[in-house]
file work-v1.cif (mmCIF, C-alpha atoms)
data_model
loop_
_atom_site.label_atom_id
_atom_site.label_comp_id
_atom_site.auth_asym_id
_atom_site.auth_seq_id
_atom_site.Cartn_x
_atom_site.Cartn_y
_atom_site.Cartn_z
CA MET A 116 48.39 -1.13 8.95
CA ARG A 117 48.25 -2.98 5.66
CA THR A 118 44.50 -3.67 6.07
CA GLY A 119 43.80 0.03 6.58
CA ASN A 120 45.67 0.91 3.38
CA LEU A 121 43.76 -1.72 1.40
CA LEU A 122 40.50 -0.45 2.78
CA LEU A 123 41.41 3.11 1.85
CA VAL A 124 42.53 2.09 -1.65
CA GLY A 125 39.33 0.04 -2.03
CA PHE A 126 37.22 2.97 -0.90
CA LEU A 127 39.02 5.44 -3.16
CA GLY A 128 38.72 3.10 -6.12
CA THR A 129 34.97 2.72 -5.55
CA ALA A 130 34.54 6.44 -4.97
CA SER A 131 36.37 7.30 -8.19
CA LEU A 132 34.11 4.90 -10.08
CA LEU A 133 31.05 6.57 -8.59
CA ILE A 134 32.32 10.05 -9.34
CA ALA A 135 33.36 9.19 -12.89
CA GLN A 136 29.91 7.91 -13.90
CA PRO A 137 27.88 10.34 -16.03
CA SER A 138 24.55 11.39 -14.58
CA PRO A 139 21.63 9.49 -16.14
CA VAL A 140 19.84 12.69 -17.23
CA GLN A 141 21.86 15.46 -18.79
CA GLY A 142 20.76 18.84 -19.98
CA PRO A 143 17.46 20.58 -19.33
CA GLN A 144 14.49 18.33 -18.78
CA ALA A 145 11.28 18.79 -20.69
CA PRO A 146 8.60 20.50 -18.59
CA GLU A 147 5.73 18.37 -17.41
CA PRO A 148 2.61 18.85 -19.51
CA PRO A 149 -0.11 20.85 -17.77
CA PRO A 150 -2.69 18.74 -16.00
CA THR A 151 -6.02 18.14 -17.71
CA TYR A 152 -9.45 17.17 -16.45
CA GLU A 153 -9.47 13.78 -14.71
CA MET A 154 -11.35 11.07 -16.60
CA ASP A 155 -13.20 8.05 -15.24
CA LYS A 156 -12.91 4.52 -16.63
CA ASN A 157 -15.66 5.29 -19.19
CA GLY A 158 -13.77 8.26 -20.60
CA GLU A 159 -16.11 10.78 -18.94
CA ARG A 160 -14.87 13.62 -16.77
CA GLU A 161 -14.72 12.69 -13.08
CA HIS A 162 -16.70 14.77 -10.57
CA ILE A 163 -15.98 15.75 -6.99
CA ASP A 164 -18.71 14.38 -4.72
CA PHE A 165 -19.44 17.28 -2.38
CA SER A 166 -21.70 15.06 -0.29
CA LEU A 167 -18.66 13.17 1.04
CA LYS A 168 -18.39 13.32 4.79
CA VAL A 169 -15.47 15.53 5.75
CA LYS A 170 -15.24 16.97 9.24
CA PRO A 171 -15.39 20.77 9.51
CA ILE A 172 -12.49 22.16 11.55
CA SER A 173 -12.39 25.95 11.14
CA ASP A 174 -16.19 26.35 11.32
CA PRO A 175 -17.99 23.44 13.01
CA ASN A 176 -21.27 24.37 11.28
CA MET A 177 -19.92 24.48 7.72
CA GLN A 178 -20.79 21.61 5.41
CA PHE A 179 -18.72 20.48 2.42
CA THR A 180 -21.95 20.43 0.38
CA LYS A 181 -21.85 24.26 0.50
CA PHE A 182 -19.21 24.14 -2.25
CA SER A 183 -21.26 22.05 -4.66
CA GLY A 184 -22.07 23.88 -7.90
CA LYS A 185 -19.32 26.46 -7.36
CA LYS A 186 -15.99 26.99 -9.05
CA SER A 187 -13.60 25.90 -6.33
CA LEU A 188 -10.01 25.44 -5.36
CA ILE A 189 -9.33 22.50 -3.03
CA PHE A 190 -6.01 22.06 -1.23
CA TYR A 191 -5.54 18.49 0.08
CA PHE A 192 -2.73 18.41 2.63
CA SER A 193 -1.17 17.16 5.83
CA ALA A 194 -0.51 19.71 8.55
CA LYS A 195 2.83 18.05 9.36
CA CYS A 196 4.02 17.72 5.73
CA LEU A 197 6.92 20.06 4.95
CA HIS A 198 6.00 20.13 1.24
CA CYS A 199 2.45 21.14 2.17
CA GLN A 200 3.75 23.83 4.50
CA HIS A 201 5.97 25.13 1.71
CA ALA A 202 3.13 25.11 -0.85
CA PHE A 203 0.42 26.64 1.34
CA PRO A 204 1.47 30.32 1.20
CA PHE A 205 1.49 30.12 -2.61
CA ILE A 206 -1.90 28.39 -2.64
CA GLN A 207 -3.33 30.88 -0.14
CA LYS A 208 -2.27 33.70 -2.48
CA VAL A 209 -3.93 31.92 -5.45
CA SER A 210 -7.00 31.32 -3.28
CA ASP A 211 -7.23 35.01 -2.35
CA SER A 212 -7.03 35.97 -6.02
CA LEU A 213 -9.64 33.39 -7.06
CA THR A 214 -11.99 34.25 -4.20
CA ALA A 215 -12.02 37.84 -5.48
CA LYS A 216 -13.15 36.40 -8.84
CA GLY A 217 -16.05 34.37 -7.38
CA PHE A 218 -14.34 31.05 -6.63
CA ALA A 219 -14.70 29.19 -3.35
CA SER A 220 -11.60 27.77 -1.67
CA VAL A 221 -11.28 25.00 0.86
CA ALA A 222 -8.48 22.97 2.42
CA ILE A 223 -8.89 19.34 3.47
CA ALA A 224 -6.40 17.79 5.88
CA ILE A 225 -5.69 14.07 5.68
CA LYS A 226 -7.08 11.74 8.34
CA PHE A 227 -3.83 11.28 10.24
CA ASN A 228 -3.70 14.86 11.53
CA THR A 229 -5.00 15.69 14.98
CA ASP A 230 -7.33 18.64 15.48
CA GLU A 231 -4.44 20.32 17.30
CA ASP A 232 -2.09 19.77 14.32
CA ILE A 233 -4.64 21.35 12.00
CA HIS A 234 -5.36 24.30 14.32
CA ASP A 235 -1.60 24.89 14.65
CA PHE A 236 -1.30 24.86 10.84
CA VAL A 237 -4.16 27.36 10.50
CA ARG A 238 -2.56 29.63 13.11
CA ASP A 239 1.03 29.32 11.84
CA PHE A 240 0.13 29.86 8.17
CA LYS A 241 -2.73 32.32 8.77
CA ALA A 242 -5.09 30.19 6.69
CA ARG A 243 -8.12 32.16 5.54
CA MET A 244 -9.91 29.38 3.66
CA PRO A 245 -12.28 26.95 5.42
CA ILE A 246 -10.50 23.85 6.71
CA PHE A 247 -11.95 20.34 6.83
CA GLN A 248 -10.50 16.98 7.81
CA ASP A 249 -10.81 13.80 5.77
CA ASP A 250 -11.68 11.93 8.96
CA ASP A 251 -12.90 8.72 7.30
CA ARG A 252 -10.52 9.00 4.28
CA SER A 253 -13.43 9.23 1.84
CA PHE A 254 -11.95 12.18 -0.04
CA GLY A 255 -8.46 10.69 -0.24
CA GLU A 256 -9.72 7.27 -1.29
CA ASN A 257 -11.78 8.80 -4.10
CA TYR A 258 -9.51 11.61 -5.30
CA GLY A 259 -6.13 11.30 -3.61
CA THR A 260 -2.89 10.21 -5.19
CA GLY A 261 -1.22 8.75 -2.12
CA TYR A 262 0.86 11.92 -1.80
CA VAL A 263 0.28 15.43 -0.52
CA PRO A 264 -0.11 18.22 -1.32
CA VAL A 265 -2.61 17.86 -4.13
CA ILE A 266 -4.52 20.82 -5.53
CA TYR A 267 -7.84 20.54 -7.37
CA LEU A 268 -9.43 23.19 -9.54
CA VAL A 269 -13.13 22.38 -9.82
CA ASN A 270 -15.71 23.80 -12.23
CA GLU A 271 -19.41 24.33 -11.43
CA LYS A 272 -20.26 20.80 -12.60
CA GLY A 273 -17.77 19.30 -10.14
CA GLU A 274 -15.34 18.30 -12.91
CA PHE A 275 -11.78 18.82 -11.80
CA ILE A 276 -8.16 19.17 -12.73
CA ARG A 277 -5.77 17.55 -10.25
CA TYR A 278 -2.37 19.20 -9.76
CA LYS A 279 -0.25 16.37 -8.35
CA ASN A 280 3.19 17.97 -8.40
CA PHE A 281 3.61 21.34 -6.76
CA ASP A 282 6.20 23.73 -8.17
CA GLU A 283 6.15 27.18 -6.62
CA ASN A 284 7.00 28.83 -9.94
CA GLU A 285 4.72 26.86 -12.26
CA THR A 286 1.73 25.45 -10.37
CA PRO A 287 0.19 28.80 -9.32
CA LYS A 288 0.54 30.05 -12.92
CA MET A 289 -1.11 26.90 -14.32
CA ILE A 290 -3.97 27.16 -11.83
CA MET A 291 -4.55 30.84 -12.62
CA LYS A 292 -4.43 30.19 -16.37
CA GLU A 293 -7.09 27.47 -16.12
CA ALA A 294 -9.13 29.60 -13.71
CA ARG A 295 -9.21 32.41 -16.29
CA THR A 296 -10.63 29.88 -18.76
CA LEU A 297 -13.37 28.96 -16.26
CA ILE A 298 -14.12 32.63 -15.57
CA ALA A 299 -14.42 33.35 -19.31
CA LYS A 300 -16.98 30.52 -19.71
CA LYS A 301 -19.44 32.09 -17.24
#
call {"tool": "encode", "arguments": {"input": "work-v1.cif", "output": "structure tokens"}}
result
Amino acid sequence: MRTGNLLLVGFLGTASLLIAQPSPVQGPQAPEPPPTYEMDKNGEREHIDFSLKVKPISDPNMQFTKFSGKKSLIFYFSAKCLHCQHAFPFIQKVSDSLTAKGFASVAIAIKFNTDEDIHDFVRDFKARMPIFQDDDRSFGENYGTGYVPVIYLVNEKGEFIRYKNFDENETPKMIMKEARTLIAKK
């Protein structure tokens, strides 16, 4: 009986210490700065290599090279990732809006998805953009962050802005704002 009381007192003492500690960050946090064009080690803007081998899923005859020289939106994802599933409807809406303005859109699933996983994702989320798979990890190794989802807004030269952190309220707005800049440059 005495051991149980000591254990309870010990637990309550520890719990009160944990509860009494102030949180490390208080107040509103500063918003993340908007992403900018990715730079290579020489300080030049990086370019998406549209000749990379990615496996077409939604249309077996489509080649990734088709998107070279076009303003594009690329959604890099995993079909099983809950964050990707959450983000996709927002990105599909942005894609629809950009497609109406002359952009191309494409989604690239990471290597570790099966064809069935990807087809289920397309069906469940009513994906309208072409879907590829990064079968040999060439896209992810060159442009990935180690996390998904990642969204890329690409200009006609292949230069890109990488959106690493998806926020349903902010990311679509940031993408559309930058897209308007690209549209205005015609």
call {"tool": "resolve_selection", "arguments": {"input": "work-v1.cif", "expression": "the PyMOL selection byres ((chain A and resi 250) around 7)", "output": "PyMOL selection string"}}
result
chain A and resi 169-170+226+248-249+251-252
call {"tool": "closest_residue", "arguments": {"input": "work-v1.cif", "among": "A:Ile233, A:Val263, A:Val209, A:Ile298", "to": "Pro171 in chain A", "atoms": "all atoms listed in the file"}}
result
A:Ile233
call {"tool": "resolve_selection", "arguments": {"input": "work-v1.cif", "expression": "the PyMOL selection byres ((chain A and resi 182) around 12)", "output": "PyMOL selection string"}}
result
chain A and resi 163-167+177-181+183-189+217-222+245+269-273
call {"tool": "atom_distance", "arguments": {"input": "work-v1.cif", "atom1": "CA of Gly255 in chain A", "atom2": "CA of Arg295 in chain A"}}
result
27.0 Å
call {"tool": "atom_distance", "arguments": {"input": "work-v1.cif", "atom1": "CA of Phe190 in chain A", "atom2": "CA of Ile223 in chain A"}}
result
6.1 Å
call {"tool": "atom_distance", "arguments": {"input": "work-v1.cif", "atom1": "CA of Gln200 in chain A", "atom2": "CA of Ala294 in chain A"}}
result
23.0 Å
call {"tool": "resolve_selection", "arguments": {"input": "work-v1.cif", "expression": "the PyMOL selection byres ((chain A and resi 199) around 12)", "output": "PyMOL selection string"}}
result
chain A and resi 190-198+200-207+222-225+236+240+262-266+279-283
call {"tool": "closest_residue", "arguments": {"input": "work-v1.cif", "among": "A:Lys216, A:His162, A:Asp239, A:Asp174", "to": "Ala299 in chain A", "atoms": "only C-alpha atoms"}}
result
A:Lys216
call {"tool": "closest_residue", "arguments": {"input": "work-v1.cif", "among": "A:Gly158, A:Pro175, A:Gly261, A:Pro148", "to": "Ile246 in chain A", "atoms": "all atoms listed in the file"}}
result
A:Pro175
call {"tool": "axis_aligned_box", "arguments": {"input": "work-v1.cif", "around": "range 188-206 of chain A", "padding_each_side": "6 Å", "output": "JSON"}}
result
{"center_x": -1.5, "center_y": 23.7, "center_z": 2.0, "size_x": 28.9, "size_y": 25.2, "size_z": 26.7}
call {"tool": "closest_residue", "arguments": {"input": "work-v1.cif", "among": "A:Thr151, A:Thr214, A:Lys168, A:Leu297", "to": "Asn257 in chain A", "atoms": "only C-alpha atoms"}}
result
A:Lys168
call {"tool": "decode", "arguments": {"input": "work-v1.cif", "residues": "range 212-223 of chain A", "atoms": "all heavy atoms", "output": "compact mmCIF listing (two decimals), in the first residue's frame"}}
result
# COMPACT_ATOMS: atom_id res chain seq x y z
N SER A 212 -7.39 25.84 -61.99
CA SER A 212 -7.32 27.28 -62.24
C SER A 212 -6.14 27.62 -63.15
O SER A 212 -6.27 28.41 -64.09
CB SER A 212 -7.22 28.03 -60.91
OG SER A 212 -7.11 29.39 -61.12
N LEU A 213 -4.98 27.02 -62.88
CA LEU A 213 -3.79 27.31 -63.68
C LEU A 213 -3.89 26.73 -65.09
O LEU A 213 -3.43 27.35 -66.05
CB LEU A 213 -2.53 26.78 -62.98
CG LEU A 213 -2.15 27.51 -61.69
CD1 LEU A 213 -0.92 26.87 -61.07
CD2 LEU A 213 -1.93 28.99 -61.94
N THR A 214 -4.49 25.56 -65.21
CA THR A 214 -4.67 24.95 -66.53
C THR A 214 -5.51 25.86 -67.42
O THR A 214 -5.21 26.03 -68.61
CB THR A 214 -5.32 23.55 -66.41
OG1 THR A 214 -4.45 22.73 -65.62
CG2 THR A 214 -5.51 22.90 -67.76
N ALA A 215 -6.50 26.50 -66.85
CA ALA A 215 -7.34 27.44 -67.60
C ALA A 215 -6.54 28.67 -68.05
O ALA A 215 -6.94 29.36 -68.97
CB ALA A 215 -8.53 27.88 -66.75
N LYS A 216 -5.40 28.90 -67.40
CA LYS A 216 -4.55 30.05 -67.74
C LYS A 216 -3.31 29.63 -68.55
O LYS A 216 -2.36 30.39 -68.68
CB LYS A 216 -4.12 30.77 -66.46
CG LYS A 216 -5.28 31.41 -65.72
CD LYS A 216 -4.84 31.95 -64.38
CE LYS A 216 -5.88 32.69 -63.60
NZ LYS A 216 -7.26 32.43 -63.76
N GLY A 217 -3.32 28.39 -69.07
CA GLY A 217 -2.24 27.94 -69.95
C GLY A 217 -1.11 27.16 -69.29
O GLY A 217 -0.13 26.83 -69.95
N PHE A 218 -1.23 26.85 -68.02
CA PHE A 218 -0.22 26.04 -67.34
C PHE A 218 -0.49 24.56 -67.60
O PHE A 218 -1.62 24.16 -67.84
CB PHE A 218 -0.28 26.25 -65.82
CG PHE A 218 0.42 27.48 -65.33
CD1 PHE A 218 -0.11 28.74 -65.56
CD2 PHE A 218 1.60 27.39 -64.61
CE1 PHE A 218 0.52 29.87 -65.08
CE2 PHE A 218 2.24 28.51 -64.14
CZ PHE A 218 1.70 29.77 -64.37
N ALA A 219 0.55 23.76 -67.51
CA ALA A 219 0.42 22.31 -67.48
C ALA A 219 0.51 21.88 -66.02
O ALA A 219 1.13 22.56 -65.21
CB ALA A 219 1.53 21.67 -68.28
N SER A 220 -0.12 20.78 -65.68
CA SER A 220 -0.03 20.24 -64.32
C SER A 220 0.26 18.76 -64.41
O SER A 220 -0.22 18.08 -65.32
CB SER A 220 -1.34 20.44 -63.56
OG SER A 220 -1.56 21.80 -63.31
N VAL A 221 1.04 18.28 -63.45
CA VAL A 221 1.40 16.87 -63.42
C VAL A 221 1.63 16.47 -61.97
O VAL A 221 2.04 17.30 -61.15
CB VAL A 221 2.66 16.61 -64.29
CG1 VAL A 221 3.85 17.38 -63.78
CG2 VAL A 221 2.98 15.15 -64.39
N ALA A 222 1.34 15.23 -61.65
CA ALA A 222 1.63 14.69 -60.32
C ALA A 222 2.61 13.54 -60.50
O ALA A 222 2.51 12.76 -61.46
CB ALA A 222 0.35 14.20 -59.64
N ILE A 223 3.57 13.46 -59.58
CA ILE A 223 4.58 12.39 -59.63
C ILE A 223 4.56 11.69 -58.28
O ILE A 223 4.85 12.30 -57.25
CB ILE A 223 5.98 12.95 -59.92
CG1 ILE A 223 5.99 13.72 -61.24
CG2 ILE A 223 7.01 11.82 -59.94
CD1 ILE A 223 7.31 14.45 -61.52
